[in-house]
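Chemist: Supplied structure: final-v5.pdb, PDB, C-alpha atoms.
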ATOM      1  CA  MET A   1       0.000   0.000   0.000
ATOM      2  CA  LEU A   2       1.200   3.515  -0.864
ATOM      3  CA  ARG A   3       0.224   6.221   1.615
ATOM      4  CA  LEU A   4       0.933   9.907   1.060
ATOM      5  CA  ARG A   5       0.194  11.717   4.305
ATOM      6  CA  CYS A   6      -0.669  15.236   3.173
ATOM      7  CA  THR A   7      -1.068  18.521   4.977
ATOM      8  CA  PRO A   8      -3.728  21.095   4.006
ATOM      9  CA  GLU A   9      -0.894  23.081   2.388
ATOM     10  CA  ASP A  10      -0.117  20.147   0.091
ATOM     11  CA  LEU A  11      -3.695  20.158  -1.163
ATOM     12  CA  LEU A  12      -3.444  23.880  -1.877
ATOM     13  CA  HIS A  13      -0.449  23.206  -4.094
ATOM     14  CA  VAL A  14      -1.634  20.397  -6.363
ATOM     15  CA  SER A  15      -0.582  20.924  -9.978
ATOM     16  CA  ILE A  16      -0.348  19.028 -13.248
ATOM     17  CA  ALA A  17       2.964  18.612 -15.056
ATOM     18  CA  GLU A  18       3.420  20.875 -18.068
ATOM     19  CA  HIS A  19       5.569  18.545 -20.156
ATOM     20  CA  PRO A  20       6.801  14.953 -20.241
ATOM     21  CA  ALA A  21      10.361  14.250 -19.128
ATOM     22  CA  PRO A  22      12.249  12.405 -21.916
ATOM     23  CA  LEU A  23      14.539  10.437 -19.623
ATOM     24  CA  GLY A  24      11.697   9.786 -17.225
ATOM     25  CA  GLU A  25       9.715   8.232 -20.072
ATOM     26  CA  LEU A  26      12.762   6.217 -21.128
ATOM     27  CA  THR A  27      13.105   4.851 -17.592
ATOM     28  CA  LEU A  28       9.419   3.928 -17.568
ATOM     29  CA  ALA A  29       9.811   2.224 -20.957
ATOM     30  CA  MET A  30      12.700   0.134 -19.583
ATOM     31  CA  GLN A  31      10.562  -0.782 -16.570
ATOM     32  CA  MET A  32       7.628  -1.761 -18.774
ATOM     33  CA  LEU A  33       9.849  -3.766 -21.108
ATOM     34  CA  GLN A  34      10.872  -6.060 -18.231
ATOM     35  CA  ARG A  35       7.403  -6.649 -16.822
ATOM     36  CA  ARG A  36       5.569  -9.851 -17.695
ATOM     37  CA  ASP A  37       2.009  -8.974 -16.736
ATOM     38  CA  PRO A  38      -0.588  -9.846 -19.414
ATOM     39  CA  ASP A  39      -1.319  -6.329 -20.690
ATOM     40  CA  PRO A  40      -2.818  -6.583 -24.210
ATOM     41  CA  ALA A  41      -1.777  -3.033 -25.103
ATOM     42  CA  PHE A  42       1.890  -3.522 -24.228
ATOM     43  CA  ALA A  43       2.522  -7.138 -25.283
ATOM     44  CA  PRO A  44       3.260  -6.384 -28.984
ATOM     45  CA  TRP A  45       5.120  -3.219 -27.952
ATOM     46  CA  ARG A  46       7.449  -5.240 -25.702
ATOM     47  CA  GLU A  47       8.313  -7.588 -28.553
ATOM     48  CA  GLN A  48       9.081  -4.673 -30.863
ATOM     49  CA  VAL A  49      11.193  -2.770 -28.321
ATOM     50  CA  ALA A  50      13.116  -5.910 -27.345
ATOM     51  CA  ARG A  51      14.099  -6.323 -31.013
ATOM     52  CA  GLN A  52      14.974  -2.643 -31.489
ATOM     53  CA  LEU A  53      16.997  -2.022 -28.322
ATOM     54  CA  PRO A  54      20.685  -2.126 -29.343
ATOM     55  CA  ALA A  55      23.435  -3.653 -27.251
ATOM     56  CA  GLU A  56      24.593  -0.163 -26.262
ATOM     57  CA  GLY A  57      21.224   0.495 -24.584
ATOM     58  CA  ARG A  58      20.944  -2.777 -22.655
ATOM     59  CA  PRO A  59      22.995  -1.719 -19.599
ATOM     60  CA  LEU A  60      19.901   0.284 -18.585
ATOM     61  CA  LEU A  61      18.167  -3.013 -17.856
ATOM     62  CA  GLN A  62      20.727  -3.680 -15.117
ATOM     63  CA  LEU A  63      19.766  -0.434 -13.381
ATOM     64  CA  VAL A  64      16.049   0.034 -13.948
ATOM     65  CA  SER A  65      13.702  -1.988 -11.761
ATOM     66  CA  PRO A  66      10.559  -3.430 -13.409
ATOM     67  CA  SER A  67       8.701  -2.693 -10.161
ATOM     68  CA  GLY A  68       9.018   1.054 -10.758
ATOM     69  CA  ALA A  69      11.483   1.527  -7.905
ATOM     70  CA  GLY A  70      13.990   3.673  -9.805
ATOM     71  CA  PRO A  71      16.801   4.608  -9.536
ATOM     72  CA  MET A  72      15.503   8.159  -9.259
ATOM     73  CA  PHE A  73      18.617   9.903 -10.570
ATOM     74  CA  LEU A  74      17.775   8.492 -14.040
ATOM     75  CA  ASP A  75      14.442  10.381 -14.000
ATOM     76  CA  PRO A  76      15.246  14.133 -13.886
ATOM     77  CA  PRO A  77      12.362  16.568 -14.612
ATOM     78  CA  SER A  78      13.885  17.896 -17.833
ATOM     79  CA  ARG A  79      12.365  19.180 -21.075
ATOM     80  CA  THR A  80      15.001  17.736 -23.419
ATOM     81  CA  VAL A  81      17.235  14.705 -23.609
ATOM     82  CA  GLU A  82      20.326  16.914 -23.474
ATOM     83  CA  GLU A  83      19.158  18.693 -20.332
ATOM     84  CA  GLY A  84      18.254  15.379 -18.751
ATOM     85  CA  LEU A  85      21.644  13.865 -19.537
ATOM     86  CA  ASP A  86      23.409  16.862 -17.993
ATOM     87  CA  ARG A  87      21.392  16.380 -14.802
ATOM     88  CA  VAL A  88      22.040  12.639 -14.675
ATOM     89  CA  LEU A  89      25.771  13.063 -15.193
ATOM     90  CA  SER A  90      25.978  15.759 -12.512
ATOM     91  CA  THR A  91      24.151  13.736  -9.835
ATOM     92  CA  PRO A  92      26.036  13.997  -6.522
ATOM     93  CA  ARG A  93      28.033  10.899  -5.667
ATOM     94  CA  ALA A  94      26.224  10.350  -2.372
ATOM     95  CA  GLU A  95      22.831  10.356  -4.130
ATOM     96  CA  VAL A  96      24.016   7.892  -6.784
ATOM     97  CA  ARG A  97      25.364   5.500  -4.159
ATOM     98  CA  ALA A  98      22.207   5.724  -2.041
ATOM     99  CA  GLU A  99      19.909   5.079  -5.020
ATOM    100  CA  LEU A 100      21.961   2.175  -6.339
ATOM    101  CA  ARG A 101      22.042   0.657  -2.861
ATOM    102  CA  ARG A 102      18.266   1.037  -2.587
ATOM    103  CA  VAL A 103      17.337  -0.537  -5.960
ATOM    104  CA  CYS A 104      19.869  -3.351  -5.554
ATOM    105  CA  ALA A 105      18.239  -4.169  -2.212
ATOM    106  CA  ILE A 106      14.882  -4.443  -3.997
ATOM    107  CA  ASP A 107      15.547  -6.438  -7.175
ATOM    108  CA  ARG A 108      18.547  -5.176  -9.204
ATOM    109  CA  PRO A 109      21.724  -7.235  -9.544
ATOM    110  CA  LEU A 110      24.840  -5.858  -7.892
ATOM    111  CA  THR A 111      27.216  -6.098 -10.864
ATOM    112  CA  SER A 112      30.790  -4.897 -11.257
ATOM    113  CA  TRP A 113      29.474  -2.120 -13.511
ATOM    114  CA  THR A 114      26.992  -1.004 -10.842
ATOM    115  CA  LYS A 115      29.806  -0.904  -8.278
ATOM    116  CA  ARG A 116      31.935   1.184 -10.637
ATOM    117  CA  LEU A 117      29.053   3.588 -11.212
ATOM    118  CA  ALA A 118      28.742   4.035  -7.467
ATOM    119  CA  GLY A 119      32.460   4.698  -7.311
ATOM    120  CA  GLN A 120      32.243   7.357 -10.049
ATOM    121  CA  ASP A 121      34.411   5.362 -12.455
ATOM    122  CA  ARG A 122      34.745   7.453 -15.622
ATOM    123  CA  GLU A 123      34.416   4.537 -18.053
ATOM    124  CA  ALA A 124      31.325   3.205 -16.248
ATOM    125  CA  TRP A 125      29.661   6.605 -16.579
ATOM    126  CA  ARG A 126      30.609   6.779 -20.253
ATOM    127  CA  VAL A 127      28.758   3.477 -20.732
ATOM    128  CA  LEU A 128      25.715   4.930 -18.922
ATOM    129  CA  HIS A 129      25.777   8.045 -21.122
ATOM    130  CA  GLN A 130      25.901   5.862 -24.232
ATOM    131  CA  ALA A 131      23.136   3.586 -22.922
ATOM    132  CA  ILE A 132      20.767   6.502 -22.292
ATOM    133  CA  SER A 133      21.419   8.028 -25.714
ATOM    134  CA  ALA A 134      21.062   4.707 -27.567
ATOM    135  CA  GLY A 135      17.977   3.749 -25.553
ATOM    136  CA  TYR A 136      16.189   7.007 -26.269
ATOM    137  CA  GLN A 137      16.972   6.911 -29.989
ATOM    138  CA  SER A 138      15.783   3.324 -30.420
ATOM    139  CA  VAL A 139      12.718   3.380 -28.159
ATOM    140  CA  LEU A 140      11.317   6.915 -28.066
ATOM    141  CA  ALA A 141      12.735   9.228 -30.708
ATOM    142  CA  GLU A 142      10.386   8.206 -33.538
ATOM    143  CA  ARG A 143       7.317   8.112 -31.275
ATOM    144  CA  TRP A 144       7.986  11.292 -29.299
ATOM    145  CA  HIS A 145       5.525  13.412 -31.308
ATOM    146  CA  SER A 146       2.754  10.903 -30.638
ATOM    147  CA  LEU A 147       3.712  10.622 -26.962
ATOM    148  CA  ARG A 148       3.683  14.399 -26.584
ATOM    149  CA  ALA A 149       0.263  14.665 -28.236
ATOM    150  CA  GLY A 150      -1.150  12.065 -25.852
ATOM    151  CA  PHE A 151       0.485  13.741 -22.851
ATOM    152  CA  ASP A 152      -0.886  17.164 -23.802
ATOM    153  CA  ALA A 153      -4.401  15.799 -24.326
ATOM    154  CA  GLU A 154      -4.319  13.982 -20.981
ATOM    155  CA  THR A 155      -3.072  16.985 -18.994
ATOM    156  CA  ALA A 156      -5.476  19.375 -20.719
ATOM    157  CA  TRP A 157      -8.388  17.131 -19.730
ATOM    158  CA  ARG A 158      -7.276  16.805 -16.099
ATOM    159  CA  ALA A 159      -6.518  20.548 -15.857
ATOM    160  CA  LYS A 160      -9.999  21.316 -17.145
ATOM    161  CA  ILE A 161     -11.542  19.170 -14.424
ATOM    162  CA  LEU A 162      -9.398  20.902 -11.794
ATOM    163  CA  ALA A 163     -10.256  24.400 -13.052
ATOM    164  CA  ARG A 164     -13.993  23.834 -13.451
ATOM    165  CA  GLN A 165     -14.835  21.404 -10.661
ATOM    166  CA  GLY A 166     -12.009  21.613  -8.150
ATOM    167  CA  ILE A 167      -9.505  19.299  -6.551
ATOM    168  CA  ASN A 168     -12.078  16.831  -5.230
ATOM    169  CA  ALA A 169     -13.388  16.146  -8.740
ATOM    170  CA  LEU A 170      -9.838  15.895 -10.069
ATOM    171  CA  PHE A 171      -8.885  13.110  -7.664
ATOM    172  CA  ALA A 172     -12.291  11.468  -8.121
ATOM    173  CA  SER A 173     -11.367  11.066 -11.807
ATOM    174  CA  PHE A 174      -8.547   8.724 -10.714
ATOM    175  CA  ARG A 175     -10.778   6.285  -8.855
ATOM    176  CA  PRO A 176     -10.345   3.472  -8.016
ATOM    177  CA  THR A 177      -6.570   3.890  -8.479
ATOM    178  CA  LEU A 178      -6.305   6.736  -5.935
ATOM    179  CA  ARG A 179      -8.493   7.189  -2.881
ATOM    180  CA  TRP A 180      -8.564   9.462   0.157
ATOM    181  CA  LYS A 181      -8.641   8.412   3.783
ATOM    182  CA  GLY A 182      -8.805  11.708   5.645
ATOM    183  CA  LEU A 183      -5.759  13.673   4.471
ATOM    184  CA  THR A 184      -3.942  10.507   3.379
ATOM    185  CA  LEU A 185      -3.882   9.612  -0.308
ATOM    186  CA  GLU A 186      -3.781   5.834  -0.733
ATOM    187  CA  ALA A 187      -3.114   3.526  -3.667
ATOM    188  CA  ASP A 188      -2.408  -0.137  -4.177
ATOM    189  CA  PHE A 189       1.350  -0.679  -4.331
ATOM    190  CA  PRO A 190       3.668  -3.715  -4.554
ATOM    191  CA  ARG A 191       5.220  -2.921  -1.177
ATOM    192  CA  ASP A 192       4.340  -0.867   1.896
ATOM    193  CA  LEU A 193       5.425   2.750   1.402
ATOM    194  CA  ASP A 194       4.373   5.420   3.880
ATOM    195  CA  LEU A 195       5.473   8.994   3.083
ATOM    196  CA  THR A 196       4.799  12.219   4.976
ATOM    197  CA  LEU A 197       4.590  15.328   2.817
ATOM    198  CA  HIS A 198       5.697  18.708   4.134
ATOM    199  CA  GLY A 199       3.438  21.251   2.442
ATOM    200  CA  HIS A 200       5.334  21.568  -0.855
ATOM    201  CA  GLY A 201       2.451  20.078  -2.822
ATOM    202  CA  ILE A 202       1.920  17.292  -5.360
ATOM    203  CA  VAL A 203       2.667  17.332  -9.092
ATOM    204  CA  LEU A 204       0.548  14.888 -11.104
ATOM    205  CA  ARG A 205       2.474  13.578 -14.097
ATOM    206  CA  PRO A 206       0.862  11.183 -16.565
ATOM    207  CA  THR A 207       2.856   8.629 -18.483
ATOM    208  CA  LEU A 208       1.888   6.735 -21.619
ATOM    209  CA  LEU A 209       4.491   4.031 -20.915
ATOM    210  CA  TRP A 210       3.296   2.457 -17.669
ATOM    211  CA  SER A 211       0.208   0.600 -16.537
ATOM    212  CA  GLY A 212      -0.954  -0.451 -13.116
ATOM    213  CA  HIS A 213      -0.142   1.169  -9.781
ATOM    214  CA  PRO A 214       0.996   4.821  -9.556
ATOM    215  CA  LEU A 215       4.645   5.669  -8.981
ATOM    216  CA  VAL A 216       5.997   8.337  -6.675
ATOM    217  CA  ALA A 217       9.101  10.509  -6.653
ATOM    218  CA  TYR A 218       9.329  11.830  -3.101
ATOM    219  CA  TYR A 219      11.310  14.908  -2.124
ATOM    220  CA  ALA A 220      11.526  16.435   1.354
ATOM    221  CA  ASP A 221      12.223  19.959   0.080
ATOM    222  CA  ARG A 222      10.069  20.257  -3.061
ATOM    223  CA  PRO A 223       6.785  18.971  -4.509
ATOM    224  CA  THR A 224       6.323  15.231  -4.618
ATOM    225  CA  THR A 225       5.675  13.879  -8.112
ATOM    226  CA  LEU A 226       2.909  11.309  -8.494
ATOM    227  CA  ILE A 227       3.232   9.450 -11.799
ATOM    228  CA  TYR A 228       0.083   7.762 -13.055
ATOM    229  CA  PRO A 229      -0.852   5.832 -16.233
ATOM    230  CA  ALA A 230      -2.518   8.034 -18.843
ATOM    231  CA  LEU A 231      -5.959   7.033 -20.012
ATOM    232  CA  THR A 232      -4.546   5.674 -23.286
ATOM    233  CA  PRO A 233      -1.045   4.137 -23.492
ATOM    234  CA  LEU A 234       1.387   4.943 -26.274
ATOM    235  CA  PRO A 235       0.969   1.613 -28.150
ATOM    236  CA  LEU A 236      -2.697   2.457 -28.799
ATOM    237  CA  LEU A 237      -1.962   5.848 -30.383
ATOM    238  CA  ALA A 238      -1.210   6.391 -34.051
ATOM    239  CA  PRO A 239       2.584   6.460 -34.653
ATOM    240  CA  SER A 240       2.443   9.874 -36.327
ATOM    241  CA  GLY A 241       0.380  11.489 -33.573
ATOM    242  CA  PRO A 242      -3.371  11.870 -34.178
ATOM    243  CA  PRO A 243      -4.568  15.310 -35.358
ATOM    244  CA  ASP A 244      -7.797  14.847 -33.379
ATOM    245  CA  PRO A 245      -7.271  15.932 -29.727
ATOM    246  CA  LEU A 246      -9.919  13.466 -28.565
ATOM    247  CA  ALA A 247      -8.108  10.608 -30.331
ATOM    248  CA  ALA A 248      -4.871  11.758 -28.694
ATOM    249  CA  LEU A 249      -6.520  11.356 -25.297
ATOM    250  CA  LEU A 250      -8.544   8.201 -25.862
ATOM    251  CA  GLY A 251      -7.127   6.553 -28.970
ATOM    252  CA  ALA A 252      -9.059   6.564 -32.238
ATOM    253  CA  THR A 253     -11.307   3.595 -31.388
ATOM    254  CA  ARG A 254     -12.287   4.832 -27.929
ATOM    255  CA  ALA A 255     -12.838   8.343 -29.283
ATOM    256  CA  GLY A 256     -15.244   6.831 -31.812
ATOM    257  CA  ALA A 257     -16.890   4.856 -29.033
ATOM    258  CA  LEU A 258     -17.473   7.954 -26.922
ATOM    259  CA  ARG A 259     -18.948   9.841 -29.880
ATOM    260  CA  SER A 260     -21.278   6.958 -30.669
ATOM    261  CA  LEU A 261     -22.540   6.835 -27.069
ATOM    262  CA  ILE A 262     -24.027  10.337 -27.144
ATOM    263  CA  SER A 263     -27.371   8.689 -27.819
ATOM    264  CA  GLY A 264     -26.609   5.492 -25.912
ATOM    265  CA  ARG A 265     -25.978   1.948 -27.160
ATOM    266  CA  THR A 266     -25.786  -1.595 -25.905
ATOM    267  CA  THR A 267     -22.455  -3.386 -25.888
ATOM    268  CA  THR A 268     -23.525  -5.305 -28.978
ATOM    269  CA  GLY A 269     -24.605  -2.092 -30.701
ATOM    270  CA  LEU A 270     -21.313  -0.440 -29.802
ATOM    271  CA  ALA A 271     -19.394  -3.411 -31.211
ATOM    272  CA  ARG A 272     -21.348  -3.151 -34.443
ATOM    273  CA  GLU A 273     -20.725   0.602 -34.655
ATOM    274  CA  LEU A 274     -16.969   0.202 -34.114
ATOM    275  CA  SER A 275     -16.618  -2.989 -36.189
ATOM    276  CA  VAL A 276     -14.989  -4.827 -33.278
ATOM    277  CA  SER A 277     -15.900  -7.889 -31.237
ATOM    278  CA  VAL A 278     -18.347  -7.640 -28.360
ATOM    279  CA  ALA A 279     -15.514  -8.466 -25.953
ATOM    280  CA  ALA A 280     -13.400  -5.601 -27.340
ATOM    281  CA  ALA A 281     -16.351  -3.204 -27.145
ATOM    282  CA  SER A 282     -16.886  -4.216 -23.531
ATOM    283  CA  LEU A 283     -13.226  -3.448 -22.706
ATOM    284  CA  HIS A 284     -13.442  -0.023 -24.373
ATOM    285  CA  ALA A 285     -16.631   0.717 -22.435
ATOM    286  CA  LYS A 286     -14.908  -0.342 -19.191
ATOM    287  CA  THR A 287     -12.053   2.125 -19.800
ATOM    288  CA  LEU A 288     -14.447   4.970 -20.585
ATOM    289  CA  ARG A 289     -16.590   4.125 -17.551
ATOM    290  CA  GLU A 290     -13.606   4.077 -15.180
ATOM    291  CA  ALA A 291     -12.634   7.503 -16.526
ATOM    292  CA  GLY A 292     -16.100   8.811 -15.665
ATOM    293  CA  LEU A 293     -16.952   9.499 -19.313
ATOM    294  CA  ILE A 294     -19.851   7.041 -19.614
ATOM    295  CA  VAL A 295     -22.251   5.176 -17.355
ATOM    296  CA  SER A 296     -23.469   1.636 -17.904
ATOM    297  CA  ARG A 297     -26.663   0.012 -16.730
ATOM    298  CA  ARG A 298     -28.145  -3.420 -17.222
ATOM    299  CA  GLU A 299     -31.460  -3.704 -19.059
ATOM    300  CA  GLY A 300     -32.514  -7.338 -19.023
ATOM    301  CA  LYS A 301     -29.729  -9.349 -20.637
ATOM    302  CA  ALA A 302     -28.167  -6.305 -22.304
ATOM    303  CA  VAL A 303     -25.836  -3.635 -20.887
ATOM    304  CA  CYS A 304     -26.510  -0.109 -22.129
ATOM    305  CA  HIS A 305     -23.933   2.685 -22.163
ATOM    306  CA  GLU A 306     -24.285   6.428 -22.511
ATOM    307  CA  CYS A 307     -22.199   9.552 -21.983
ATOM    308  CA  THR A 308     -21.996  11.287 -18.631
ATOM    309  CA  PRO A 309     -21.993  15.099 -18.407
ATOM    310  CA  LEU A 310     -18.195  14.901 -18.211
ATOM    311  CA  GLY A 311     -18.112  12.841 -21.411
ATOM    312  CA  LEU A 312     -20.438  15.258 -23.204
ATOM    313  CA  ASP A 313     -18.325  18.165 -21.986
ATOM    314  CA  LEU A 314     -15.215  16.506 -23.382
ATOM    315  CA  LEU A 315     -16.904  15.950 -26.751
ATOM    316  CA  ALA A 316     -17.991  19.586 -26.891
ATOM    317  CA  ALA A 317     -14.553  20.960 -26.072
ATOM    318  CA  LYS A 318     -12.796  23.007 -28.744
ATOM    319  CA  PRO A 319      -9.281  21.957 -29.778
ATOM    320  CA  ASN A 320      -6.593  24.210 -28.331
TER
END
Show this structure as structure tokens.

Modeler:
Amino acid sequence: MLRLRCTPEDLLHVSIAEHPAPLGELTLAMQMLQRRDPDPAFAPWREQVARQLPAEGRPLLQLVSPSGAGPMFLDPPSRTVEEGLDRVLSTPRAEVRAELRRVCAIDRPLTSWTKRLAGQDREAWRVLHQAISAGYQSVLAERWHSLRAGFDAETAWRAKILARQGINALFASFRPTLRWKGLTLEADFPRDLDLTLHGHGIVLRPTLLWSGHPLVAYYADRPTTLIYPALTPLPLLAPSGPPDPLAALLGATRAGALRSLISGRTTTGLARELSVSVAAASLHAKTLREAGLIVSRREGKAVCHECTPLGLDLLAAKPN
């Protein structure tokens, strides 16, 4: 269980990230590549990335934990790859050693290369520099435009909820992933992690390259970053980046599903409208329902779906 014990000041300083962090997304991609959970969206993506990742990029797999545990110095909040690399390479020695010790205690192998990184060996850090550059070029460079479009659509939607309906509605849009217990924000987590915030606030940062439980980057002297899976992962977005903002948020098929549910449809009717199987239509409806964009009700043997006010509001929104 993850518990973020907030103060009232933290809730007054909740914000949404303005841009994705290239090296942060690369770290998440390396985490996702190593996971073996049966996620239908990421299974073909894993096969493709495993083939594309060159030997120069594979040292990252020794460092990055598939559980999402870090190491945190590989995930600087930068706008560009170059800026991120500068921050990684200038990480204080004590922080590097502490992070490597922490992730090796969780599930990373303690290799000779890891030891040399901790000791600030110049050749070991040259290998890390090369691994980050090669990893980004092979995994993210060609899809960055699409990733950025999905990120911008996701953050615009969440920011609109925050501006129009307030912080309670914003966090309600993350249910059941996130839930409040008094001033403590809770989420399912692979291990017990209890963090006390100190009034610096929370930055919500979506990622299109992770599914499942949220991740947290905790800092005692600045806002804590809460990383959560975007509504639609990168593998479900068009490689070139969809021109339709709604498709960038939901994916083309789910965007079509939401539009078709303005007047309401059964699961079978939705499948017919989208030219997909009933099982696939049911999964799309489940995603839209969990996002608060549609409601579903049983009528006899059929399940009917229709847009919520939030879904209709999203459909009516003008592109930026």

Chemist: Quick one: distance from atom CA of A:Pro233 to atom CA of A:Phe174 in Å, one decimal?

Modeler: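 Between atom CA of A:Pro233 and atom CA of A:Phe174 the gap works out to 15.5 Å.
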
Chemist: Give me the residues within 9 Å of stretch 272-275 of chain A as an NGL selection string, counting all atoms listed in the file and dropping any in the same chain fewer than 6 places off.

Modeler: :A and (253 or 256-257 or 260 or 281)

Chemist: Let's have the selection written as an mmCIF file, keeping the file's coordinate frame, with C-alpha atoms.

Modeler:
data_model
loop_
_atom_site.group_PDB
_atom_site.id
_atom_site.type_symbol
_atom_site.label_atom_id
_atom_site.label_comp_id
_atom_site.auth_asym_id
_atom_site.auth_seq_id
_atom_site.Cartn_x
_atom_site.Cartn_y
_atom_site.Cartn_z
ATOM 1 C CA THR A 253 -11.307 3.595 -31.388
ATOM 2 C CA GLY A 256 -15.244 6.831 -31.812
ATOM 3 C CA ALA A 257 -16.890 4.856 -29.033
ATOM 4 C CA SER A 260 -21.278 6.958 -30.669
ATOM 5 C CA ALA A 281 -16.351 -3.204 -27.145
#

Chemist: For the provided coordinates, the residues matched by the PyMOL selection byres ((chain A and resi 239) around 12) should be stated as an MDAnalysis selection string.

Modeler: chainID A and resid 140:150 233:238 240:243 248 251:252

Chemist: With all atoms listed in the file as the counted atoms, please give the residues lying no more than 7 Å from stretch 296-307 of chain A, apart from itself and same-chain residues fewer than 3 positions off, as a ChimeraX atom specification.

Modeler: /A:261-267,293,311-312

Chemist: Taking the file as shown, what set of residues would the PyMOL selection byres ((chain A and resi 178-184) around 12) give back, as a ChimeraX atom specification?

Modeler: /A:1-11,167-177,185-189,194-197,204,212-215,226-229
